[in-house]
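Structure file query_35.cif (mmCIF, C-alpha atoms) follows.
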```cif
data_entry
loop_
_atom_site.group_PDB
_atom_site.id
_atom_site.type_symbol
_atom_site.label_atom_id
_atom_site.label_comp_id
_atom_site.auth_asym_id
_atom_site.auth_seq_id
_atom_site.Cartn_x
_atom_site.Cartn_y
_atom_site.Cartn_z
ATOM 1 C CA MET U 1 2.568 26.969 15.844
ATOM 2 C CA LYS U 2 4.709 25.311 13.211
ATOM 3 C CA ASN U 3 3.588 21.874 12.047
ATOM 4 C CA HIS U 4 6.431 19.377 12.488
ATOM 5 C CA GLN U 5 4.555 16.385 11.107
ATOM 6 C CA THR U 6 6.115 14.803 8.030
ATOM 7 C CA LEU U 7 4.161 12.399 5.859
ATOM 8 C CA LEU U 8 6.543 9.736 4.518
ATOM 9 C CA ILE U 9 5.286 7.863 1.433
ATOM 10 C CA ASP U 10 6.977 4.865 -0.188
ATOM 11 C CA VAL U 11 5.320 3.761 -3.447
ATOM 12 C CA GLY U 12 6.702 0.404 -4.546
ATOM 13 C CA ASN U 13 5.758 -1.796 -7.474
ATOM 14 C CA THR U 14 2.875 -3.443 -5.635
ATOM 15 C CA ARG U 15 2.152 -1.471 -2.444
ATOM 16 C CA ILE U 16 1.878 2.084 -1.133
ATOM 17 C CA LYS U 17 3.348 2.449 2.355
ATOM 18 C CA TRP U 18 3.117 5.576 4.479
ATOM 19 C CA TYR U 19 3.593 6.935 7.974
ATOM 20 C CA LEU U 20 2.965 10.317 9.622
ATOM 21 C CA HIS U 21 6.171 11.091 11.485
ATOM 22 C CA SER U 22 6.349 13.612 14.327
ATOM 23 C CA ILE U 23 8.308 14.179 17.517
ATOM 24 C CA HIS U 24 5.491 12.440 19.400
ATOM 25 C CA THR U 25 5.069 9.564 16.917
ATOM 26 C CA PRO U 26 8.522 9.090 15.361
ATOM 27 C CA VAL U 27 9.170 6.511 12.699
ATOM 28 C CA LEU U 28 11.301 3.786 14.294
ATOM 29 C CA PRO U 29 13.104 0.759 12.814
ATOM 30 C CA THR U 30 10.327 -1.497 14.119
ATOM 31 C CA THR U 31 7.454 0.774 13.066
ATOM 32 C CA SER U 32 4.653 -1.018 11.265
ATOM 33 C CA THR U 33 3.712 1.262 8.407
ATOM 34 C CA HIS U 34 0.332 1.647 6.768
ATOM 35 C CA ALA U 35 0.289 -0.279 3.492
ATOM 36 C CA LEU U 36 -2.169 -0.958 0.678
ATOM 37 C CA PRO U 37 -1.810 -2.795 -2.657
ATOM 38 C CA HIS U 38 -2.220 -0.410 -5.573
ATOM 39 C CA ASN U 39 -2.132 -2.220 -8.965
ATOM 40 C CA ASN U 40 -1.033 1.177 -10.391
ATOM 41 C CA GLN U 41 -4.323 2.778 -9.337
ATOM 42 C CA LEU U 42 -5.011 4.916 -6.292
ATOM 43 C CA PRO U 43 -6.641 2.585 -3.714
ATOM 44 C CA SER U 44 -9.951 4.000 -2.504
ATOM 45 C CA PRO U 45 -9.240 3.097 1.169
ATOM 46 C CA LEU U 46 -6.135 5.273 0.981
ATOM 47 C CA VAL U 47 -8.241 8.319 0.107
ATOM 48 C CA THR U 48 -10.453 7.708 3.138
ATOM 49 C CA GLN U 49 -7.486 7.227 5.473
ATOM 50 C CA TRP U 50 -5.651 10.319 4.243
ATOM 51 C CA GLN U 51 -8.795 12.422 4.578
ATOM 52 C CA ALA U 52 -8.781 11.585 8.301
ATOM 53 C CA MET U 53 -5.170 12.774 8.771
ATOM 54 C CA PRO U 54 -4.175 16.264 9.913
ATOM 55 C CA THR U 55 -2.434 18.474 7.382
ATOM 56 C CA PRO U 56 1.268 17.552 7.362
ATOM 57 C CA GLY U 57 3.943 20.224 7.395
ATOM 58 C CA GLU U 58 5.918 18.396 4.699
ATOM 59 C CA ILE U 59 5.585 15.352 2.467
ATOM 60 C CA ARG U 60 8.477 13.154 1.308
ATOM 61 C CA ILE U 61 7.897 10.581 -1.425
ATOM 62 C CA SER U 62 9.814 7.688 -2.923
ATOM 63 C CA HIS U 63 8.056 6.422 -6.061
ATOM 64 C CA VAL U 64 9.106 3.580 -8.393
ATOM 65 C CA ALA U 65 5.710 2.571 -9.825
ATOM 66 C CA LYS U 66 4.106 3.968 -12.987
ATOM 67 C CA ILE U 67 4.067 7.747 -13.409
ATOM 68 C CA GLU U 68 0.260 7.730 -13.700
ATOM 69 C CA LEU U 69 -0.020 6.600 -10.081
ATOM 70 C CA TYR U 70 2.406 9.309 -8.949
ATOM 71 C CA GLU U 71 0.262 11.922 -10.687
ATOM 72 C CA GLN U 72 -2.847 10.579 -8.934
ATOM 73 C CA ILE U 73 -1.103 10.788 -5.561
ATOM 74 C CA ILE U 74 0.063 14.360 -6.146
ATOM 75 C CA GLU U 75 -3.433 15.377 -7.246
ATOM 76 C CA LEU U 76 -4.919 13.862 -4.081
ATOM 77 C CA ILE U 77 -2.344 15.635 -1.907
ATOM 78 C CA ARG U 78 -3.196 18.989 -3.526
ATOM 79 C CA GLN U 79 -6.918 18.366 -3.050
ATOM 80 C CA LEU U 80 -6.510 17.486 0.619
ATOM 81 C CA TRP U 81 -3.709 19.799 1.763
ATOM 82 C CA GLY U 82 -3.239 22.503 -0.845
ATOM 83 C CA GLY U 83 0.281 23.844 -1.221
ATOM 84 C CA VAL U 84 2.051 21.619 1.316
ATOM 85 C CA HIS U 85 5.745 21.211 0.451
ATOM 86 C CA ILE U 86 6.479 17.956 -1.414
ATOM 87 C CA MET U 87 9.950 16.450 -1.723
ATOM 88 C CA CYS U 88 10.304 13.606 -4.230
ATOM 89 C CA MET U 89 13.402 11.575 -3.445
ATOM 90 C CA SER U 90 16.091 11.453 -6.124
ATOM 91 C CA PRO U 91 19.246 9.368 -5.558
ATOM 92 C CA GLN U 92 22.407 11.442 -5.155
ATOM 93 C CA SER U 93 26.007 10.360 -5.669
ATOM 94 C CA THR U 94 27.123 12.125 -2.487
ATOM 95 C CA HIS U 95 25.231 12.381 0.794
ATOM 96 C CA ALA U 96 26.374 13.057 4.339
ATOM 97 C CA LEU U 97 25.605 9.423 5.203
ATOM 98 C CA LEU U 98 26.616 7.712 1.978
ATOM 99 C CA GLN U 99 28.967 7.805 -0.989
ATOM 100 C CA LEU U 100 27.026 6.066 -3.744
ATOM 101 C CA ASN U 101 28.978 3.778 -6.074
ATOM 102 C CA TYR U 102 26.222 3.300 -8.651
ATOM 103 C CA ASP U 103 24.747 5.267 -11.523
ATOM 104 C CA ALA U 104 22.393 7.525 -9.556
ATOM 105 C CA SER U 105 20.137 7.986 -12.589
ATOM 106 C CA GLN U 106 19.507 4.218 -12.666
ATOM 107 C CA MET U 107 19.015 3.519 -8.972
ATOM 108 C CA GLY U 108 15.455 3.249 -7.688
ATOM 109 C CA SER U 109 14.569 5.821 -5.059
ATOM 110 C CA ASP U 110 13.209 3.056 -2.801
ATOM 111 C CA ARG U 111 16.544 1.253 -2.888
ATOM 112 C CA TYR U 112 18.425 4.503 -2.228
ATOM 113 C CA ALA U 113 16.128 5.278 0.705
ATOM 114 C CA GLN U 114 16.878 1.858 2.178
ATOM 115 C CA LEU U 115 20.614 2.567 1.975
ATOM 116 C CA LEU U 116 20.204 5.912 3.737
ATOM 117 C CA GLY U 117 17.979 4.292 6.355
ATOM 118 C CA ALA U 118 20.571 1.593 6.971
ATOM 119 C CA ARG U 119 23.336 4.150 7.445
ATOM 120 C CA ALA U 120 21.140 6.274 9.714
ATOM 121 C CA LEU U 121 20.720 3.212 11.942
ATOM 122 C CA ASN U 122 24.297 1.942 11.877
ATOM 123 C CA GLN U 123 27.444 3.923 11.086
ATOM 124 C CA THR U 124 29.908 1.627 12.844
ATOM 125 C CA HIS U 125 29.608 -1.681 10.947
ATOM 126 C CA ASN U 126 29.850 -2.958 7.399
ATOM 127 C CA LEU U 127 26.314 -3.408 6.071
ATOM 128 C CA ILE U 128 24.485 -5.628 3.624
ATOM 129 C CA VAL U 129 21.131 -4.025 2.788
ATOM 130 C CA ILE U 130 18.475 -6.274 1.255
ATOM 131 C CA GLY U 131 15.129 -5.141 -0.095
ATOM 132 C CA ALA U 132 12.850 -8.161 -0.393
ATOM 133 C CA GLY U 133 9.967 -6.955 -2.521
ATOM 134 C CA THR U 134 8.830 -7.709 -6.074
ATOM 135 C CA ALA U 135 12.534 -7.801 -6.858
ATOM 136 C CA ILE U 136 15.312 -8.561 -4.392
ATOM 137 C CA THR U 137 18.013 -5.905 -4.196
ATOM 138 C CA VAL U 138 21.303 -6.537 -2.398
ATOM 139 C CA ASP U 139 23.728 -3.704 -1.661
ATOM 140 C CA ALA U 140 26.896 -3.406 0.392
ATOM 141 C CA ILE U 141 28.166 -0.394 2.356
ATOM 142 C CA ASP U 142 31.393 -0.334 4.318
ATOM 143 C CA LYS U 143 31.558 1.226 7.770
ATOM 144 C CA ARG U 144 32.916 4.509 6.344
ATOM 145 C CA GLY U 145 29.726 4.965 4.309
ATOM 146 C CA GLN U 146 31.240 3.899 0.987
ATOM 147 C CA HIS U 147 28.689 2.062 -1.121
ATOM 148 C CA ILE U 148 30.312 -0.885 -2.916
ATOM 149 C CA GLY U 149 27.537 -1.604 -5.423
ATOM 150 C CA GLY U 150 24.697 -4.063 -5.622
ATOM 151 C CA ILE U 151 22.691 -6.675 -7.521
ATOM 152 C CA ILE U 152 19.056 -7.193 -8.485
ATOM 153 C CA LEU U 153 17.282 -10.531 -8.850
ATOM 154 C CA PRO U 154 13.681 -11.764 -8.996
ATOM 155 C CA SER U 155 11.825 -12.446 -5.772
ATOM 156 C CA THR U 156 10.960 -16.044 -4.959
ATOM 157 C CA ARG U 157 7.345 -15.328 -5.938
ATOM 158 C CA LEU U 158 8.449 -13.880 -9.266
ATOM 159 C CA MET U 159 10.608 -16.938 -9.966
ATOM 160 C CA ARG U 160 7.670 -19.222 -9.215
ATOM 161 C CA ALA U 161 5.375 -17.124 -11.396
ATOM 162 C CA ALA U 162 7.798 -17.309 -14.340
ATOM 163 C CA LEU U 163 8.152 -21.087 -14.027
ATOM 164 C CA HIS U 164 4.386 -21.469 -13.798
ATOM 165 C CA GLN U 165 3.807 -19.235 -16.827
ATOM 166 C CA TYR U 166 6.342 -20.843 -19.139
ATOM 167 C CA THR U 167 5.933 -24.511 -18.238
ATOM 168 C CA ALA U 168 2.883 -26.713 -18.610
ATOM 169 C CA GLN U 169 2.652 -28.428 -15.229
ATOM 170 C CA LEU U 170 4.656 -26.551 -12.597
ATOM 171 C CA PRO U 171 2.385 -25.181 -9.834
ATOM 172 C CA LEU U 172 2.375 -21.514 -8.892
ATOM 173 C CA ALA U 173 2.432 -21.949 -5.118
ATOM 174 C CA GLY U 174 2.733 -24.451 -2.310
ATOM 175 C CA GLY U 175 5.412 -26.711 -0.986
ATOM 176 C CA ALA U 176 7.979 -26.235 1.741
ATOM 177 C CA PHE U 177 11.720 -25.713 1.731
ATOM 178 C CA SER U 178 13.664 -28.805 2.747
ATOM 179 C CA THR U 179 16.334 -28.271 5.378
ATOM 180 C CA ASN U 180 17.409 -31.822 6.243
ATOM 181 C CA HIS U 181 17.004 -33.713 2.965
ATOM 182 C CA ALA U 182 16.617 -33.067 -0.737
ATOM 183 C CA PRO U 183 13.039 -32.386 -1.893
ATOM 184 C CA HIS U 184 10.934 -35.468 -2.740
ATOM 185 C CA ASN U 185 8.076 -33.819 -4.645
ATOM 186 C CA THR U 186 7.614 -31.048 -7.207
ATOM 187 C CA ARG U 187 6.094 -28.405 -4.925
ATOM 188 C CA ASP U 188 8.875 -28.813 -2.374
ATOM 189 C CA ALA U 189 11.427 -28.860 -5.207
ATOM 190 C CA LEU U 190 10.135 -25.524 -6.514
ATOM 191 C CA HIS U 191 9.913 -23.895 -3.094
ATOM 192 C CA THR U 192 13.397 -25.064 -2.126
ATOM 193 C CA GLY U 193 14.854 -24.219 -5.533
ATOM 194 C CA VAL U 194 13.831 -20.570 -5.482
ATOM 195 C CA ALA U 195 14.882 -20.250 -1.830
ATOM 196 C CA LEU U 196 18.336 -21.611 -2.624
ATOM 197 C CA ALA U 197 18.580 -19.365 -5.688
ATOM 198 C CA SER U 198 17.930 -16.284 -3.540
ATOM 199 C CA VAL U 199 20.315 -17.294 -0.780
ATOM 200 C CA GLY U 200 22.956 -18.365 -3.300
ATOM 201 C CA ALA U 201 22.826 -14.986 -5.028
ATOM 202 C CA ILE U 202 23.151 -13.107 -1.731
ATOM 203 C CA ASN U 203 26.017 -15.283 -0.483
ATOM 204 C CA GLY U 204 27.731 -15.104 -3.868
ATOM 205 C CA PHE U 205 27.526 -11.319 -3.866
ATOM 206 C CA ILE U 206 29.006 -11.067 -0.377
ATOM 207 C CA GLN U 207 31.797 -13.577 -1.007
ATOM 208 C CA THR U 208 32.704 -12.103 -4.393
ATOM 209 C CA TYR U 209 32.508 -8.379 -3.710
ATOM 210 C CA PHE U 210 32.370 -7.715 0.020
ATOM 211 C CA VAL U 211 34.951 -9.619 2.052
ATOM 212 C CA ARG U 212 35.682 -7.096 4.804
ATOM 213 C CA GLU U 213 37.406 -7.081 8.176
ATOM 214 C CA GLY U 214 35.153 -6.702 11.179
ATOM 215 C CA ASP U 215 31.497 -7.481 11.710
ATOM 216 C CA THR U 216 29.041 -7.243 8.861
ATOM 217 C CA ARG U 217 25.383 -6.656 9.664
ATOM 218 C CA ILE U 218 22.566 -7.674 7.328
ATOM 219 C CA LEU U 219 19.451 -5.463 7.280
ATOM 220 C CA LEU U 220 16.311 -6.674 5.509
ATOM 221 C CA CYS U 221 13.091 -4.908 4.605
ATOM 222 C CA GLY U 222 10.137 -5.546 2.305
ATOM 223 C CA GLY U 223 7.144 -7.855 2.290
ATOM 224 C CA ASP U 224 9.216 -11.025 1.845
ATOM 225 C CA ALA U 225 11.823 -10.113 4.484
ATOM 226 C CA PRO U 226 10.622 -12.640 7.127
ATOM 227 C CA GLU U 227 10.686 -15.492 4.616
ATOM 228 C CA LEU U 228 14.078 -14.494 3.201
ATOM 229 C CA SER U 229 15.516 -14.123 6.706
ATOM 230 C CA GLU U 230 14.418 -17.660 7.457
ATOM 231 C CA TYR U 231 16.118 -18.945 4.287
ATOM 232 C CA LEU U 232 19.343 -17.127 5.151
ATOM 233 C CA HIS U 233 19.384 -18.573 8.653
ATOM 234 C CA HIS U 234 18.809 -22.123 7.382
ATOM 235 C CA PHE U 235 20.904 -22.155 4.226
ATOM 236 C CA SER U 236 23.914 -19.952 4.954
ATOM 237 C CA GLN U 237 26.399 -19.070 7.633
ATOM 238 C CA GLN U 238 25.306 -15.424 7.731
ATOM 239 C CA ALA U 239 24.713 -14.010 11.204
ATOM 240 C CA ASN U 240 23.573 -10.645 12.548
ATOM 241 C CA ILE U 241 20.430 -10.562 10.405
ATOM 242 C CA THR U 242 17.843 -7.941 11.374
ATOM 243 C CA ILE U 243 14.472 -7.185 9.787
ATOM 244 C CA VAL U 244 13.791 -3.439 9.703
ATOM 245 C CA PRO U 245 10.227 -2.906 8.398
ATOM 246 C CA ALA U 246 10.509 0.888 8.171
ATOM 247 C CA LEU U 247 13.990 1.028 6.611
ATOM 248 C CA GLY U 248 12.893 2.926 3.477
ATOM 249 C CA LEU U 249 10.831 5.442 5.442
ATOM 250 C CA LEU U 250 13.788 6.055 7.779
ATOM 251 C CA GLY U 251 15.852 6.819 4.689
ATOM 252 C CA LEU U 252 13.223 9.269 3.462
ATOM 253 C CA LEU U 253 13.374 11.013 6.813
ATOM 254 C CA HIS U 254 17.160 11.416 6.504
ATOM 255 C CA SER U 255 17.210 12.407 2.820
#
```

Hey, can you dump this file as structure tokens for me?
Amino acid sequence: MKNHQTLLIDVGNTRIKWYLHSIHTPVLPTTSTHALPHNNQLPSPLVTQWQAMPTPGEIRISHVAKIELYEQIIELIRQLWGGVHIMCMSPQSTHALLQLNYDASQMGSDRYAQLLGARALNQTHNLIVIGAGTAITVDAIDKRGQHIGGIILPSTRLMRAALHQYTAQLPLAGGAFSTNHAPHNTRDALHTGVALASVGAINGFIQTYFVREGDTRILLCGGDAPELSEYLHHFSQQANITIVPALGLLGLLHS
């Protein structure tokens, strides 16, 4: 009997995420994926977990980390499952779901997968697709599937890390974002500052490049999506914000 299980693997800059999709266990927008930090080395728990999986019929990979980690993953796959078919995602200018308006050779496969996942979920509304990982990516797609373009900016954690590294006394973490008054201490000032910087960039992108008739839906994914969603709700007038944890894996499935 033919094996219809597809192993979906999303290798980001800090984590490896995966899910074994099948007709009985489909990947859904709300699916909580398996995830492990990698530090550009194959995590030993991943080996143990993959050894316990059945042989997939196909493997689809999005990889944006160092090539050495990709080679380790491919070697492990060959050791465990032999000649299983592997598809490594490569952004394409034209797809049935999307007309990309970006240099395909420069777009990360994770970001492209998120765009495909967004379109697979919603083909009737204008979309803002936000990946909230090590970097924040913001892309716009109109309801016809025409990609408008996008921006990249540091995550709030990366902003804090840079300030901590290049200044003598600014703390790396802590504080809270102030919603009703201006910050009154340095930790709150830092936390609120990077939150406002993120929200300001997203709002600026939308207002500058993506004023469209009809409803616009915002889809977020990535480890910092809950935090960024909270900032957007507090600091902007954006509505229709949905967190889709498995957005990139959905895009892999529809690649």

Take the PyMOL selection byres ((chain U and resi 157-160) around 9), apply it to the structure above, and return the hits as a PDB file with C-alpha atoms, in the frame of the given file.
```
ATOM      1  CA  THR U 134       8.830  -7.709  -6.074  1.00  0.00           C
ATOM      2  CA  ALA U 135      12.534  -7.801  -6.858  1.00  0.00           C
ATOM      3  CA  PRO U 154      13.681 -11.764  -8.996  1.00  0.00           C
ATOM      4  CA  SER U 155      11.825 -12.446  -5.772  1.00  0.00           C
ATOM      5  CA  THR U 156      10.960 -16.044  -4.959  1.00  0.00           C
ATOM      6  CA  ALA U 161       5.375 -17.124 -11.396  1.00  0.00           C
ATOM      7  CA  ALA U 162       7.798 -17.309 -14.340  1.00  0.00           C
ATOM      8  CA  LEU U 163       8.152 -21.087 -14.027  1.00  0.00           C
ATOM      9  CA  HIS U 164       4.386 -21.469 -13.798  1.00  0.00           C
ATOM     10  CA  GLN U 165       3.807 -19.235 -16.827  1.00  0.00           C
ATOM     11  CA  LEU U 170       4.656 -26.551 -12.597  1.00  0.00           C
ATOM     12  CA  PRO U 171       2.385 -25.181  -9.834  1.00  0.00           C
ATOM     13  CA  LEU U 172       2.375 -21.514  -8.892  1.00  0.00           C
ATOM     14  CA  ALA U 173       2.432 -21.949  -5.118  1.00  0.00           C
ATOM     15  CA  LEU U 190      10.135 -25.524  -6.514  1.00  0.00           C
ATOM     16  CA  HIS U 191       9.913 -23.895  -3.094  1.00  0.00           C
ATOM     17  CA  VAL U 194      13.831 -20.570  -5.482  1.00  0.00           C
TER      18      VAL U 194
END
```

If you count all atoms listed in the file, which residues fall within 8 Å of region 29-39 of chain U, apart from same-chain ones fewer than 6 positions away, as a ChimeraX atom specification?
-> /U:14-19,46,244-247,250

Please expand the PyMOL selection byres ((chain U and resi 139-153) around 9) into the concrete residues it hits in this file, giving the result as an mmCIF file with C-alpha atoms, keeping the file's coordinate frame.
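To be explicit, this is the file written out as selection21.cif:
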```cif
data_model
loop_
_atom_site.group_PDB
_atom_site.id
_atom_site.type_symbol
_atom_site.label_atom_id
_atom_site.label_comp_id
_atom_site.auth_asym_id
_atom_site.auth_seq_id
_atom_site.Cartn_x
_atom_site.Cartn_y
_atom_site.Cartn_z
ATOM 1 C CA ALA U 96 26.374 13.057 4.339
ATOM 2 C CA LEU U 97 25.605 9.423 5.203
ATOM 3 C CA LEU U 98 26.616 7.712 1.978
ATOM 4 C CA GLN U 99 28.967 7.805 -0.989
ATOM 5 C CA LEU U 100 27.026 6.066 -3.744
ATOM 6 C CA ASN U 101 28.978 3.778 -6.074
ATOM 7 C CA TYR U 102 26.222 3.300 -8.651
ATOM 8 C CA ARG U 111 16.544 1.253 -2.888
ATOM 9 C CA LEU U 115 20.614 2.567 1.975
ATOM 10 C CA ARG U 119 23.336 4.150 7.445
ATOM 11 C CA ASN U 122 24.297 1.942 11.877
ATOM 12 C CA GLN U 123 27.444 3.923 11.086
ATOM 13 C CA THR U 124 29.908 1.627 12.844
ATOM 14 C CA HIS U 125 29.608 -1.681 10.947
ATOM 15 C CA ASN U 126 29.850 -2.958 7.399
ATOM 16 C CA LEU U 127 26.314 -3.408 6.071
ATOM 17 C CA ILE U 128 24.485 -5.628 3.624
ATOM 18 C CA VAL U 129 21.131 -4.025 2.788
ATOM 19 C CA ILE U 130 18.475 -6.274 1.255
ATOM 20 C CA GLY U 131 15.129 -5.141 -0.095
ATOM 21 C CA ALA U 135 12.534 -7.801 -6.858
ATOM 22 C CA ILE U 136 15.312 -8.561 -4.392
ATOM 23 C CA THR U 137 18.013 -5.905 -4.196
ATOM 24 C CA VAL U 138 21.303 -6.537 -2.398
ATOM 25 C CA PRO U 154 13.681 -11.764 -8.996
ATOM 26 C CA SER U 155 11.825 -12.446 -5.772
ATOM 27 C CA SER U 198 17.930 -16.284 -3.540
ATOM 28 C CA ALA U 201 22.826 -14.986 -5.028
ATOM 29 C CA ILE U 202 23.151 -13.107 -1.731
ATOM 30 C CA PHE U 205 27.526 -11.319 -3.866
ATOM 31 C CA ILE U 206 29.006 -11.067 -0.377
ATOM 32 C CA TYR U 209 32.508 -8.379 -3.710
ATOM 33 C CA PHE U 210 32.370 -7.715 0.020
ATOM 34 C CA ARG U 212 35.682 -7.096 4.804
ATOM 35 C CA THR U 216 29.041 -7.243 8.861
#
```

Which of these residues is nearest to Thr6 (chain U), using all atoms listed in the file: U:Gly175, U:Ala113, U:Glu230, U:Leu249?
->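 So, comparing all the options, the nearest one is U:Leu249.
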
Could you tell me which residues the PyMOL selection byres ((chain U and resi 224) around 9) grabs in this file, written as a VMD selection string?
-> chain U and resid 131 to 134 155 to 156 221 to 223 225 to 229

Could you pull the residues within 7 Å of His63 (chain U), counting only C-alpha atoms, minus those fewer than 2 positions along the same chain, as JSON, numbers by chain?
-> {"U": [10, 11, 12, 61, 65, 70, 109, 110]}
